[in-house]
Every structure is written in C-alpha cells, then in structure tokens.
>>> print(open('run_8.txt').read())   # compact mmCIF, C-alpha atoms and all ligand atoms
# COMPACT_ATOMS: atom_id res chain seq x y z
CA MET A 1 59.43 157.95 120.38
CA THR A 2 62.08 157.99 123.14
CA LYS A 3 65.63 158.55 122.03
CA LYS A 4 67.98 155.57 122.07
CA THR A 5 70.87 155.84 124.52
CA ILE A 6 74.31 154.75 123.36
CA LEU A 7 77.21 154.15 125.73
CA ILE A 8 80.53 154.99 124.05
CA THR A 9 83.57 153.53 125.80
CA GLY A 10 86.70 155.47 124.88
CA GLY A 11 84.29 158.29 124.03
CA THR A 12 86.73 161.19 124.42
CA GLY A 13 89.26 159.50 122.12
CA TYR A 14 89.84 160.23 118.45
CA ILE A 15 87.26 157.94 116.83
CA GLY A 16 84.87 157.99 119.81
CA SER A 17 84.51 161.78 119.79
CA HIS A 18 83.76 161.99 116.06
CA THR A 19 81.25 159.16 116.33
CA ALA A 20 79.64 160.88 119.33
CA VAL A 21 79.06 164.03 117.27
CA GLN A 22 77.32 162.08 114.51
CA LEU A 23 75.21 160.10 116.98
CA LEU A 24 74.09 163.33 118.66
CA GLU A 25 73.30 164.87 115.28
CA ALA A 26 71.21 161.78 114.49
CA ASP A 27 69.30 162.36 117.77
CA TYR A 28 70.73 159.60 119.92
CA GLN A 29 71.51 160.24 123.59
CA VAL A 30 75.21 159.73 124.25
CA ILE A 31 77.04 158.66 127.37
CA MET A 32 80.83 158.71 127.16
CA LEU A 33 82.92 156.53 129.46
CA ASP A 34 86.68 157.10 129.37
CA ASN A 35 89.55 156.82 131.82
CA LEU A 36 91.34 159.71 130.03
CA SER A 37 94.52 157.65 129.66
CA ASN A 38 94.86 158.88 126.07
CA SER A 39 92.46 161.82 125.77
CA LYS A 40 91.37 164.97 127.53
CA ALA A 41 88.12 165.84 129.28
CA ASP A 42 87.66 169.09 127.31
CA VAL A 43 86.73 166.95 124.30
CA VAL A 44 83.29 166.66 125.93
CA GLN A 45 82.69 170.41 125.61
CA ARG A 46 84.01 170.40 122.06
CA VAL A 47 81.61 167.62 121.08
CA GLU A 48 78.77 169.58 122.72
CA LYS A 49 79.81 172.74 120.92
CA ILE A 50 79.83 171.10 117.47
CA SER A 51 76.58 169.21 117.96
CA GLY A 52 74.68 171.75 120.05
CA LYS A 53 73.60 168.86 122.30
CA LYS A 54 74.44 167.75 125.85
CA VAL A 55 76.57 164.68 126.55
CA SER A 56 76.93 162.70 129.79
CA PHE A 57 80.55 162.02 130.61
CA ILE A 58 81.74 159.47 133.15
CA GLN A 59 85.43 159.27 133.98
CA GLY A 60 85.91 155.57 134.57
CA ASP A 61 87.62 152.42 133.47
CA ILE A 62 86.17 149.42 131.62
CA ARG A 63 88.20 147.17 133.94
CA ASP A 64 86.36 148.55 136.98
CA ASP A 65 83.36 146.24 137.51
CA GLN A 66 81.79 148.50 140.13
CA CYS A 67 81.96 151.48 137.83
CA LEU A 68 80.40 149.48 134.97
CA HIS A 69 77.66 148.23 137.30
CA GLN A 70 76.76 151.81 138.22
CA VAL A 71 76.82 152.99 134.63
CA PHE A 72 74.38 150.28 133.52
CA GLN A 73 72.28 150.53 136.71
CA ASN A 74 71.80 154.27 136.39
CA ASN A 75 71.26 154.63 132.65
CA PRO A 76 68.79 153.07 130.19
CA ILE A 77 71.46 151.95 127.72
CA ASP A 78 70.26 150.49 124.41
CA ALA A 79 73.63 149.75 122.80
CA VAL A 80 77.35 150.07 123.40
CA ILE A 81 80.04 151.24 120.98
CA HIS A 82 83.30 149.95 122.40
CA PHE A 83 86.33 152.04 121.42
CA ALA A 84 88.26 151.97 124.73
CA GLY A 85 91.64 150.38 124.22
CA LEU A 86 95.36 150.87 123.87
CA LYS A 87 96.47 151.10 120.25
CA ALA A 88 100.22 151.69 119.87
CA VAL A 89 101.72 148.71 118.05
CA GLY A 90 105.29 149.22 119.36
CA GLU A 91 104.10 149.70 122.94
CA GLY A 92 102.11 146.47 122.70
CA GLN A 93 105.27 144.58 121.76
CA SER A 94 107.17 145.90 124.79
CA GLN A 95 104.24 145.77 127.26
CA PRO A 96 102.18 142.75 126.21
CA MET A 97 100.61 142.11 129.62
CA ARG A 98 99.35 145.70 129.83
CA TYR A 99 97.83 145.37 126.36
CA TYR A 100 96.14 142.02 127.01
CA GLU A 101 94.87 143.22 130.38
CA ASN A 102 93.45 146.49 129.12
CA ASN A 103 92.15 145.41 125.73
CA VAL A 104 91.11 141.80 126.37
CA SER A 105 90.27 141.65 130.11
CA GLY A 106 88.73 145.12 129.92
CA SER A 107 86.50 144.07 127.02
CA LEU A 108 85.46 140.91 128.85
CA SER A 109 84.43 142.94 131.92
CA LEU A 110 82.38 145.19 129.68
CA PHE A 111 80.64 142.27 127.96
CA GLN A 112 79.89 140.64 131.34
CA ALA A 113 78.30 143.87 132.60
CA MET A 114 76.27 144.15 129.39
CA GLN A 115 75.07 140.58 129.76
CA SER A 116 74.08 141.14 133.42
CA PHE A 117 71.97 144.15 132.48
CA GLY A 118 70.51 142.59 129.33
CA VAL A 119 72.24 145.06 126.98
CA LYS A 120 73.19 142.88 124.04
CA THR A 121 73.84 145.26 121.16
CA LEU A 122 77.49 146.09 120.62
CA LEU A 123 79.80 147.60 118.03
CA PHE A 124 83.46 146.74 118.48
CA SER A 125 86.49 148.61 117.09
CA SER A 126 88.57 145.99 115.38
CA SER A 127 91.34 146.63 112.93
CA ALA A 128 92.82 145.58 109.62
CA THR A 129 95.76 144.33 111.71
CA VAL A 130 93.77 141.13 112.35
CA TYR A 131 94.47 140.04 108.77
CA GLY A 132 97.64 138.14 108.00
CA ASP A 133 100.01 139.37 105.30
CA ASP A 134 98.69 137.50 102.25
CA GLY A 135 101.24 139.05 99.89
CA VAL A 136 98.46 140.72 97.85
CA GLY A 137 97.33 143.38 100.29
CA LYS A 138 93.62 143.64 99.47
CA TYR A 139 91.55 142.23 102.32
CA HIS A 140 87.92 141.15 102.40
CA GLU A 141 86.12 139.94 105.49
CA GLN A 142 86.79 136.27 104.73
CA SER A 143 90.54 136.78 104.31
CA ALA A 144 92.65 134.70 106.69
CA LEU A 145 93.07 136.13 110.18
CA SER A 146 96.63 136.03 111.42
CA PRO A 147 97.71 139.10 113.40
CA SER A 148 101.45 139.65 113.54
CA ASN A 149 101.75 141.76 116.69
CA VAL A 150 100.39 141.93 120.26
CA TYR A 151 97.99 144.77 119.50
CA GLY A 152 96.52 142.83 116.57
CA GLN A 153 96.29 139.73 118.77
CA THR A 154 94.21 141.64 121.33
CA LYS A 155 91.77 142.64 118.57
CA TYR A 156 91.66 139.09 117.23
CA MET A 157 91.04 137.68 120.74
CA VAL A 158 88.19 140.08 121.43
CA GLU A 159 86.67 139.26 118.04
CA GLN A 160 86.88 135.57 118.97
CA ILE A 161 85.23 136.18 122.35
CA LEU A 162 82.42 137.99 120.54
CA ARG A 163 82.00 135.17 118.00
CA ASP A 164 81.71 132.72 120.91
CA ILE A 165 79.22 134.93 122.75
CA GLN A 166 77.02 135.14 119.64
CA ALA A 167 77.24 131.38 119.14
CA SER A 168 76.08 130.80 122.72
CA ASP A 169 73.29 133.37 122.75
CA ALA A 170 71.57 134.43 119.54
CA SER A 171 70.00 137.46 121.20
CA TRP A 172 73.34 139.32 121.01
CA ARG A 173 73.74 141.68 118.05
CA VAL A 174 77.42 142.27 117.46
CA GLY A 175 79.09 144.51 114.91
CA ILE A 176 82.77 143.80 114.36
CA LEU A 177 84.16 146.77 112.44
CA ARG A 178 87.61 146.41 110.97
CA TYR A 179 89.09 149.85 110.39
CA PHE A 180 91.87 150.56 107.91
CA ASN A 181 93.85 153.83 108.41
CA PRO A 182 91.65 156.52 110.00
CA VAL A 183 92.96 160.06 109.39
CA GLY A 184 91.65 163.63 109.23
CA ALA A 185 89.57 165.57 111.68
CA HIS A 186 86.15 167.12 112.08
CA PRO A 187 85.79 169.89 109.45
CA SER A 188 85.10 172.42 112.26
CA GLY A 189 88.67 172.00 113.50
CA TYR A 190 87.37 171.48 117.06
CA ILE A 191 88.22 167.80 117.43
CA GLY A 192 90.88 165.60 115.89
CA GLU A 193 93.64 163.17 116.70
CA ASP A 194 95.81 164.35 119.55
CA PRO A 195 98.66 161.87 120.02
CA ASN A 196 100.96 162.23 123.01
CA GLY A 197 104.59 162.95 122.10
CA ILE A 198 106.04 162.15 118.69
CA PRO A 199 103.39 160.50 116.50
CA ASN A 200 103.89 156.95 115.25
CA ASN A 201 101.38 157.29 112.43
CA LEU A 202 102.01 158.91 109.11
CA MET A 203 99.35 161.63 108.88
CA PRO A 204 99.88 163.23 112.32
CA TYR A 205 103.63 163.05 111.70
CA ILE A 206 103.27 164.87 108.36
CA ALA A 207 101.10 167.53 110.05
CA LYS A 208 103.79 168.17 112.67
CA VAL A 209 106.49 168.46 110.00
CA ALA A 210 104.35 170.93 108.02
CA SER A 211 103.80 173.02 111.15
CA GLY A 212 107.54 173.07 111.89
CA GLU A 213 107.27 171.09 115.14
CA LEU A 214 109.32 168.30 113.56
CA THR A 215 112.08 168.89 111.03
CA HIS A 216 111.34 166.18 108.49
CA LEU A 217 109.47 162.98 107.82
CA ASN A 218 111.30 159.67 107.70
CA VAL A 219 109.81 157.64 104.87
CA PHE A 220 110.19 154.03 105.92
CA GLY A 221 111.51 152.39 102.77
CA ASN A 222 111.17 153.11 99.03
CA ASP A 223 112.02 149.63 97.83
CA TYR A 224 108.61 148.00 98.21
CA PRO A 225 106.95 146.38 95.17
CA THR A 226 104.65 149.40 94.68
CA PRO A 227 104.60 152.05 91.91
CA ASP A 228 106.81 154.56 93.82
CA GLY A 229 108.42 152.03 96.15
CA THR A 230 106.70 153.34 99.32
CA GLY A 231 104.02 151.51 101.29
CA LEU A 232 100.39 151.57 100.18
CA ARG A 233 97.59 152.04 102.72
CA ASP A 234 93.86 152.66 102.77
CA TYR A 235 93.46 156.06 104.45
CA ILE A 236 89.87 156.74 105.50
CA HIS A 237 88.51 160.10 106.65
CA ILE A 238 87.37 160.01 110.26
CA GLN A 239 83.98 161.44 109.23
CA ASP A 240 83.41 158.49 106.90
CA LEU A 241 84.51 156.11 109.63
CA ALA A 242 82.13 157.68 112.15
CA ALA A 243 79.30 157.46 109.61
CA GLY A 244 80.14 153.76 109.20
CA HIS A 245 79.32 153.28 112.89
CA LEU A 246 75.93 154.94 112.55
CA GLU A 247 75.03 152.90 109.50
CA SER A 248 76.18 149.69 111.18
CA LEU A 249 74.13 150.43 114.28
CA ARG A 250 71.03 151.29 112.26
CA TYR A 251 71.43 148.15 110.15
CA MET A 252 71.90 145.87 113.15
CA LEU A 253 68.90 147.31 115.00
CA GLU A 254 66.66 147.28 111.93
CA LYS A 255 67.59 143.77 110.74
CA ASN A 256 68.17 142.39 114.23
CA THR A 257 71.46 140.90 113.10
CA SER A 258 75.21 140.80 113.62
CA ILE A 259 77.84 141.89 111.10
CA THR A 260 81.57 141.82 110.47
CA VAL A 261 82.63 144.52 108.00
CA ASN A 262 85.68 146.34 106.73
CA LEU A 263 85.56 150.12 106.96
CA GLY A 264 87.96 151.44 104.33
CA THR A 265 87.82 153.28 101.02
CA GLY A 266 89.23 150.51 98.83
CA GLN A 267 91.70 153.06 97.37
CA PRO A 268 95.34 152.50 98.32
CA HIS A 269 97.68 155.52 98.49
CA SER A 270 101.44 155.59 98.91
CA VAL A 271 103.41 157.49 101.56
CA LEU A 272 104.71 159.90 98.94
CA GLU A 273 101.24 160.45 97.47
CA LEU A 274 100.04 161.51 100.91
CA VAL A 275 103.05 163.81 101.39
CA HIS A 276 102.47 165.48 98.02
CA ALA A 277 98.72 165.82 98.57
CA PHE A 278 99.41 167.45 101.95
CA GLU A 279 101.86 169.91 100.43
CA GLN A 280 99.52 170.78 97.58
CA VAL A 281 96.44 171.29 99.78
CA THR A 282 98.12 173.21 102.60
CA GLU A 283 100.82 175.04 100.61
CA GLN A 284 103.30 174.00 103.31
CA SER A 285 106.43 172.05 102.58
CA VAL A 286 106.95 168.60 104.07
CA PRO A 287 110.65 167.76 103.88
CA TYR A 288 111.34 164.05 104.00
CA GLN A 289 114.17 161.59 103.78
CA ILE A 290 114.07 157.96 102.81
CA THR A 291 115.15 155.67 105.63
CA GLN A 292 115.09 151.93 106.22
CA ARG A 293 111.88 149.94 106.25
CA ARG A 294 110.12 149.89 109.64
CA ALA A 295 110.10 146.43 111.23
CA GLY A 296 106.75 144.70 110.87
CA ASP A 297 105.44 146.91 108.02
CA VAL A 298 103.79 145.28 105.01
CA ALA A 299 104.04 146.70 101.48
CA ILE A 300 100.32 146.96 100.77
CA CYS A 301 97.19 146.91 102.92
CA TYR A 302 93.79 148.08 101.72
CA ALA A 303 90.17 147.09 102.06
CA ASP A 304 87.69 145.42 99.86
CA PRO A 305 84.87 147.59 101.25
CA SER A 306 82.11 146.10 99.08
CA LEU A 307 80.34 144.18 101.86
CA ALA A 308 79.52 147.33 103.85
CA LYS A 309 78.10 148.88 100.69
CA THR A 310 76.04 145.84 99.77
CA LEU A 311 74.66 145.31 103.27
CA MET A 312 73.99 148.81 104.46
CA GLY A 313 74.72 151.20 101.61
CA TRP A 314 77.75 152.70 103.37
CA GLN A 315 80.74 153.84 101.38
CA ALA A 316 83.49 156.38 102.02
CA LYS A 317 82.98 159.80 100.41
CA TYR A 318 86.08 161.83 101.29
CA ASN A 319 89.29 161.86 99.22
CA ILE A 320 92.88 162.30 100.43
CA GLN A 321 92.85 166.05 99.67
CA GLN A 322 89.96 166.50 102.11
CA MET A 323 91.73 164.27 104.64
CA CYS A 324 94.81 166.53 104.42
CA ALA A 325 92.82 169.79 104.56
CA ASP A 326 90.91 168.73 107.68
CA THR A 327 94.05 167.41 109.39
CA TRP A 328 95.74 170.76 108.75
CA ARG A 329 92.78 172.79 110.02
CA TRP A 330 92.81 170.76 113.23
CA GLN A 331 96.60 171.06 113.54
CA THR A 332 96.47 174.85 113.22
CA TYR A 333 93.19 175.59 115.09
CA SER A 334 94.11 173.44 118.04
CA LYS A 335 97.17 175.62 118.54
CA THR A 336 95.64 179.04 117.90
CA ILE A 337 91.97 180.05 118.01
CA LEU A 338 90.71 177.06 119.94
CA LYS A 339 89.51 178.36 123.27
CA ILE A 340 86.24 177.07 124.64
P1 LIG B 1 92.23 156.81 121.22
O1 LIG B 1 93.38 156.44 122.06
O2 LIG B 1 92.14 158.21 120.72
O3 LIG B 1 90.87 156.48 121.98
C1 LIG B 1 90.73 155.39 122.86
C2 LIG B 1 90.17 155.94 124.17
O4 LIG B 1 90.02 154.85 125.09
C3 LIG B 1 91.09 156.97 124.83
O5 LIG B 1 90.36 158.16 125.05
C4 LIG B 1 91.53 156.30 126.13
O6 LIG B 1 91.68 157.25 127.17
C5 LIG B 1 90.39 155.32 126.37
N1 LIG B 1 90.75 154.13 127.15
C6 LIG B 1 91.78 153.28 126.97
N2 LIG B 1 91.73 152.28 127.87
C7 LIG B 1 90.62 152.49 128.63
C8 LIG B 1 90.03 151.80 129.72
N3 LIG B 1 90.60 150.70 130.24
N4 LIG B 1 88.90 152.28 130.24
C9 LIG B 1 88.32 153.42 129.75
N5 LIG B 1 88.84 154.11 128.74
C10 LIG B 1 89.99 153.65 128.17
O7 LIG B 1 92.17 155.79 119.99
P2 LIG B 1 91.26 155.80 118.70
O8 LIG B 1 92.14 156.03 117.52
O9 LIG B 1 90.06 156.63 118.91
O10 LIG B 1 90.85 154.27 118.65
C11 LIG B 1 89.63 153.80 119.17
C12 LIG B 1 89.56 152.30 119.00
O11 LIG B 1 89.70 151.97 117.63
C13 LIG B 1 90.69 151.56 119.73
O12 LIG B 1 90.15 150.39 120.30
C14 LIG B 1 91.68 151.25 118.64
O13 LIG B 1 92.41 150.10 118.93
C15 LIG B 1 90.73 151.02 117.45
N6 LIG B 1 91.40 151.26 116.16
C16 LIG B 1 92.03 152.45 115.93
C17 LIG B 1 92.70 152.66 114.72
C18 LIG B 1 93.43 153.95 114.45
O14 LIG B 1 94.29 153.96 113.57
N7 LIG B 1 93.13 155.06 115.14
C19 LIG B 1 92.68 151.66 113.73
C20 LIG B 1 92.01 150.47 114.00
C21 LIG B 1 91.37 150.28 115.22
N1 LIG B 2 105.24 155.70 107.60
C1 LIG B 2 106.39 156.40 107.26
N2 LIG B 2 106.91 157.29 108.18
C2 LIG B 2 106.32 157.51 109.39
C3 LIG B 2 105.14 156.79 109.72
C4 LIG B 2 104.64 155.89 108.79
O1 LIG B 2 106.94 156.23 106.18
O2 LIG B 2 106.85 158.31 110.19
C5 LIG B 2 104.65 154.76 106.61
C6 LIG B 2 104.56 153.32 107.09
O3 LIG B 2 105.74 152.63 106.77
C7 LIG B 2 103.33 152.82 106.31
C8 LIG B 2 102.44 154.05 106.19
O4 LIG B 2 103.30 155.18 106.39
O5 LIG B 2 103.72 152.45 104.99
C9 LIG B 2 101.31 154.09 107.22
O6 LIG B 2 101.85 153.91 108.51
P1 LIG B 2 101.00 154.17 109.82
O7 LIG B 2 101.89 153.95 111.00
O8 LIG B 2 100.30 155.49 109.73
O9 LIG B 2 99.84 153.07 109.76
P2 LIG B 2 99.91 151.47 109.67
O10 LIG B 2 99.36 151.11 108.34
O11 LIG B 2 101.31 151.03 109.86
O12 LIG B 2 99.01 151.03 110.78
>>> encode(input="run_8.txt", output="structure tokens", more="lines below")
Ligand code: NAD
Ligand code: UDP
Amino acid sequence: MTKKTILITGGTGYIGSHTAVQLLEADYQVIMLDNLSNSKADVVQRVEKISGKKVSFIQGDIRDDQCLHQVFQNNPIDAVIHFAGLKAVGEGQSQPMRYYENNVSGSLSLFQAMQSFGVKTLLFSSSATVYGDDGVGKYHEQSALSPSNVYGQTKYMVEQILRDIQASDASWRVGILRYFNPVGAHPSGYIGEDPNGIPNNLMPYIAKVASGELTHLNVFGNDYPTPDGTGLRDYIHIQDLAAGHLESLRYMLEKNTSITVNLGTGQPHSVLELVHAFEQVTEQSVPYQITQRRAGDVAICYADPSLAKTLMGWQAKYNIQQMCADTWRWQTYSKTILKI
C-alpha cells in the first residue's frame, strides 16, 4: 500500500513539529510548509533525527496562492493538517488586521487551493478560546461559542468557514480540534516550544525562571474562586496533543466523516500547583510573587474530553509531573548538548 502524504502547514512550529514526528513514526509521508515567522528551519533536521525518516520542507506562506498551487501540483497530498497561524493573544488585540489577514485570509487561501486540487481532508487547529466564559469553566463541544479576543475570533471565523464549506459540499472531511493548554516537549529534548523573547504563557515562563534567565514568576492573581485562589487550566502534554491529531485523522479517514472535538485532559490545575510540580520534579526553585489579575483572564477553563474518547478512543496519558520534566529537559538540552 502506498503511504499517505500529509501536508502540515506551520510544520516547523511547536505543535506541528511534534505531530510531524508521530506521523512519520506511523509511516505517513510528511511535507512541512512554513514561512518561519515563528520557528526555525533546523527543526526539520531535529524531526528527522528523532523519527529516523526524511521530511520535505517548503519555506512558503499560506497567503501565497502561487506557492500553494505549486505545493499541491507537485505533491500527491492526501490530507492537510493546518497549524500555520499567529497565536499571541495580546498581539492580536494590538494588531487585529495582521491577525485576521494571516489567520483568516491565509486559511481561506489554503482551503481554496485544497478545493482546486480535490484535497478535501483537513484538520484545523482551533482553541478553547472559542468558548465564551460561562462562569463554570468546564467546556464541552456544544458549549456556547463566544470568543473574547481577536485571536479567538480568528479561530471562530475559520471554524465557521469550515462549517459552511462542509454544509455546501459533503465530500469534505473536516476535523476541528479545540486545544486547551499545550505544554511540555518531546521526551528526547530535541524539539519543544521556542517562544521569541519573554514568554507570555505560564509553562515556558516557569522554565525560564528555573533556569535563571528570568528572576521570578508573576502569578496573575490569587483571589479567584478556586481552591488556592490562582487560575485553573487544563494543561495537556504536547505528545498527547500530537497523538490526538493522528487519532482524529485515522478516525476521519476510516469513518469518512467530520468531527469537532476538544483535546484536553479534563483535569484542571492551578498556577501554584504547576509551580510546585515544576520545583519538585526539577529540584530547581521557582521564585514567584503574586501580582494583579491579567486583563482578559478567566478563573477556570478546562475540557470535557469525553467526546474524543467515545468517538476515537483518544485520551491524554501524561500527568503534570511528566509535562514539567519534559519541559525542563528541552529547556536545558536546547542550551547545552543540542548540536545537530
Ligand atoms: P507556533 O507559532 O509554534 O507554530 C505556528 C507556525 O506557523 C510557526 O512555525 C509559524 O512560522 C507558522 N506560520 C504562521 N503564519 C504562517 C503563514 N502565513 N504561512 C506559513 N506559515 C505560517 O504555534 P503552535 O503553538 O505550534 O500553534 C499551532 C496552531 O495551534 C496555531 O494555529 C495556534 O493558533 C493553534 N493553537 C495553539 C495553542 C497553544 O497554546 N500553543 C493553543 C490552541 C491553538
Ligand atoms: N499566568 C501567570 N503568570 C504568567 C503567565 C500566566 O500567572 O506569567 C497564569 C494565567 O493567569 C492563567 C494561567 O497561568 O491563569 C495560564 O496562562 P497561559 O497564558 O499559559 O494560558 P491561557 O490559559 O491564558 O491561554
């Protein structure tokens, strides 16, 4: 049987690279397309090193119709996993046009190219940010959609475009995957999250405090209605998240269907729980101080992940200790022994 070929947009990014490794290990052919606006080309070699397989890499932009035309013309693509996008919530608020143009127009160009070449199987990276704040914090796929920032709006809009495409043409198979808080790194320490500058997200920030690059963590509020007063989130190991993509793809191809699923653990953890787990696992200290709440944060956000389990048997396996250990390995390896 010939191997299936998967185009991964945003393939050298954090989630794309981990998913690429698992696809290669499952014997898919992988083509990565990335404009390198938020990742580095050496990720390709790292993915090849972990998997022992070759990857095709194309430096290009999903907004470039000519580039997309060539990619689809020259390669027998069976399905697309679409990760390419801008993802910083604060940046989206200050640069809305850039976010809508990249995330929404870019996605539309990609879907048009797919349609022209008859490639109608797609997984899309959506986010828990599409849900409105319901005051409870546990979200299932039917929860109300009401994004509260520009970034979340771009995800909601692309979801809506995809719902309309499916309604107009039943031969599309679309997987809308709503991620909660992806953290951790590949256990090899060769790939992980590599944010530019000072991280916005909790786990990479903690890692930089533990390594001494930053002096302390600011904990954004300890007066939330949660057991220790700090925010509760659903942290999911990147390996579990990547596996969720493989299972979704297999399910969609096998059942010839579309899905919308949450990818989370269903276990909320507080900011301080994560800090203490990190300290315990790595034996490093993570000094912190309590500061004001961050604008736009909700108290609690975690997944009801039962649909993914019922449909395709997927559930997260890693706990927060493993998430911390793998983040730390990546943080230390990427600075020291990592020379390819
Ligand atoms: P990332 O920034 O590491 O990866 C995205 C990749 O897309 C980068 O390598 C970037 O260079 C590339 N890219 C951006 N715009 C592009 C364009 N126009 N053309 C080609 N390449 C482009 O981010 P990630 O964490 O791997 O996220 C992947 C996807 O998952 C994004 O769409 C993001 O919005 C979504 N998501 C991420 C999280 C998270 O917390 N990491 C949560 C929910 C959803
Ligand atoms: N957080 C924090 N300090 C930081 C970054 C984040 O206290 O420097 C908290 C934030 O208020 C939230 C949780 O950590 O309760 C997760 O935030 P993150 O930005 O990682 O993800 P979000 O859920 O906001 O997308």
>>> closest_residue(input="run_8.txt", among="A:Ile238, A:Ile58, A:Val80, A:Leu86", to="ligand LIG 1 (chain B)", atoms="all atoms listed in the file")
A:Leu86
>>> residues_near_ligand(input="run_8.txt", ligand="ligand LIG 1 (chain B)", cutoff="9 Å", atoms="all atoms listed in the file", output="number ranges by chain")
A: 9-18, 33-40, 59-64, 82-88, 101-103, 106-107, 124-129, 151-152, 154-155, 177-183, 192-195, 201
>>> closest_residue(input="run_8.txt", among="A:Glu254, A:Asp78, A:Asp234, A:Glu279", to="ligand LIG 2 (chain B)", atoms="only C-alpha atoms and all ligand atoms")
A:Asp234
>>> residues_around(input="run_8.txt", residues="Leu24 in chain A", least_positions_apart="3", cutoff="10 Å", atoms="only C-alpha atoms", output="list in words")
Ile6, Thr19, Ala20, Val21, Asp27, Tyr28, Gln29, Val30, Val47, Glu48, Ile50, Ser51, Gly52, Lys53, Lys54 and Val55 of chain A
>>> residues_near_ligand(input="run_8.txt", ligand="ligand LIG 2 (chain B)", cutoff="8 Å", atoms="all atoms listed in the file", output="list in words")
Thr129, Phe180, Asn181, Pro199, Asn200, Asn201, Leu202, Met203, Tyr205, Ile206, Leu217, Asn218, Val219, Phe220, Gly221, Thr230, Gly231, Leu232, Arg233, Asp234, Ser270, Val271, Arg293, Arg294, Asp297, Val298, Ala299, Ile300 and Cys301 of chain A
>>> atom_distance(input="run_8.txt", atom1="CA of Pro147 in chain A", atom2="CA of Asp133 in chain A")
8.4 Å
>>> decode(input="run_8.txt", residues="range 2-65 of chain A", atoms="C-alpha atoms", output="PDB file, in the first residue's frame")
ATOM      1  CA  THR A   2       1.368   3.469  -0.830  1.00  0.00           C
ATOM      2  CA  LYS A   3       1.998   5.752   2.093  1.00  0.00           C
ATOM      3  CA  LYS A   4      -0.419   8.626   2.637  1.00  0.00           C
ATOM      4  CA  THR A   5       1.084  12.086   2.241  1.00  0.00           C
ATOM      5  CA  ILE A   6       0.153  14.753   4.769  1.00  0.00           C
ATOM      6  CA  LEU A   7       0.824  18.447   4.245  1.00  0.00           C
ATOM      7  CA  ILE A   8       1.482  20.189   7.576  1.00  0.00           C
ATOM      8  CA  THR A   9       1.163  23.974   7.435  1.00  0.00           C
ATOM      9  CA  GLY A  10       3.084  25.585  10.287  1.00  0.00           C
ATOM     10  CA  GLY A  11       5.064  22.332  10.338  1.00  0.00           C
ATOM     11  CA  THR A  12       8.225  23.688  11.974  1.00  0.00           C
ATOM     12  CA  GLY A  13       6.217  25.245  14.815  1.00  0.00           C
ATOM     13  CA  TYR A  14       5.690  23.806  18.283  1.00  0.00           C
ATOM     14  CA  ILE A  15       2.651  21.594  17.721  1.00  0.00           C
ATOM     15  CA  GLY A  16       3.393  20.964  14.025  1.00  0.00           C
ATOM     16  CA  SER A  17       6.851  19.521  14.699  1.00  0.00           C
ATOM     17  CA  HIS A  18       5.643  17.104  17.391  1.00  0.00           C
ATOM     18  CA  THR A  19       2.769  15.980  15.201  1.00  0.00           C
ATOM     19  CA  ALA A  20       5.178  15.504  12.277  1.00  0.00           C
ATOM     20  CA  VAL A  21       7.303  13.121  14.365  1.00  0.00           C
ATOM     21  CA  GLN A  22       4.290  10.985  15.246  1.00  0.00           C
ATOM     22  CA  LEU A  23       3.014  10.953  11.660  1.00  0.00           C
ATOM     23  CA  LEU A  24       6.443   9.827  10.422  1.00  0.00           C
ATOM     24  CA  GLU A  25       6.580   7.147  13.113  1.00  0.00           C
ATOM     25  CA  ALA A  26       3.151   5.961  11.940  1.00  0.00           C
ATOM     26  CA  ASP A  27       4.564   5.713   8.383  1.00  0.00           C
ATOM     27  CA  TYR A  28       2.948   8.723   6.770  1.00  0.00           C
ATOM     28  CA  GLN A  29       4.934  10.881   4.336  1.00  0.00           C
ATOM     29  CA  VAL A  30       5.208  14.427   5.654  1.00  0.00           C
ATOM     30  CA  ILE A  31       5.551  17.716   3.835  1.00  0.00           C
ATOM     31  CA  MET A  32       6.054  20.768   6.035  1.00  0.00           C
ATOM     32  CA  LEU A  33       5.129  24.226   4.782  1.00  0.00           C
ATOM     33  CA  ASP A  34       6.150  27.149   6.988  1.00  0.00           C
ATOM     34  CA  ASN A  35       7.147  30.764   6.455  1.00  0.00           C
ATOM     35  CA  LEU A  36       9.455  30.570   9.517  1.00  0.00           C
ATOM     36  CA  SER A  37       7.860  33.670  11.051  1.00  0.00           C
ATOM     37  CA  ASN A  38       7.799  31.922  14.432  1.00  0.00           C
ATOM     38  CA  SER A  39      10.084  28.907  14.066  1.00  0.00           C
ATOM     39  CA  LYS A  40      13.465  27.865  12.757  1.00  0.00           C
ATOM     40  CA  ALA A  41      14.428  25.699   9.801  1.00  0.00           C
ATOM     41  CA  ASP A  42      16.690  23.435  11.898  1.00  0.00           C
ATOM     42  CA  VAL A  43      13.526  21.903  13.368  1.00  0.00           C
ATOM     43  CA  VAL A  44      13.344  19.871  10.149  1.00  0.00           C
ATOM     44  CA  GLN A  45      16.626  18.103  10.940  1.00  0.00           C
ATOM     45  CA  ARG A  46      15.569  17.567  14.528  1.00  0.00           C
ATOM     46  CA  VAL A  47      12.315  15.942  13.419  1.00  0.00           C
ATOM     47  CA  GLU A  48      14.297  13.742  11.014  1.00  0.00           C
ATOM     48  CA  LYS A  49      16.750  12.831  13.756  1.00  0.00           C
ATOM     49  CA  ILE A  50      14.034  11.752  16.206  1.00  0.00           C
ATOM     50  CA  SER A  51      11.999   9.827  13.647  1.00  0.00           C
ATOM     51  CA  GLY A  52      14.815   8.448  11.506  1.00  0.00           C
ATOM     52  CA  LYS A  53      12.760   9.446   8.441  1.00  0.00           C
ATOM     53  CA  LYS A  54      13.084  12.123   5.741  1.00  0.00           C
ATOM     54  CA  VAL A  55      10.780  15.138   5.612  1.00  0.00           C
ATOM     55  CA  SER A  56      10.119  17.529   2.716  1.00  0.00           C
ATOM     56  CA  PHE A  57      10.282  21.138   3.824  1.00  0.00           C
ATOM     57  CA  ILE A  58       8.975  24.071   1.808  1.00  0.00           C
ATOM     58  CA  GLN A  59       9.591  27.590   3.053  1.00  0.00           C
ATOM     59  CA  GLY A  60       6.430  29.365   1.989  1.00  0.00           C
ATOM     60  CA  ASP A  61       3.364  31.232   3.082  1.00  0.00           C
ATOM     61  CA  ILE A  62      -0.256  30.068   3.146  1.00  0.00           C
ATOM     62  CA  ARG A  63      -1.248  33.508   1.829  1.00  0.00           C
ATOM     63  CA  ASP A  64       0.826  32.959  -1.323  1.00  0.00           C
ATOM     64  CA  ASP A  65      -1.550  31.393  -3.878  1.00  0.00           C
TER      65      ASP A  65
END
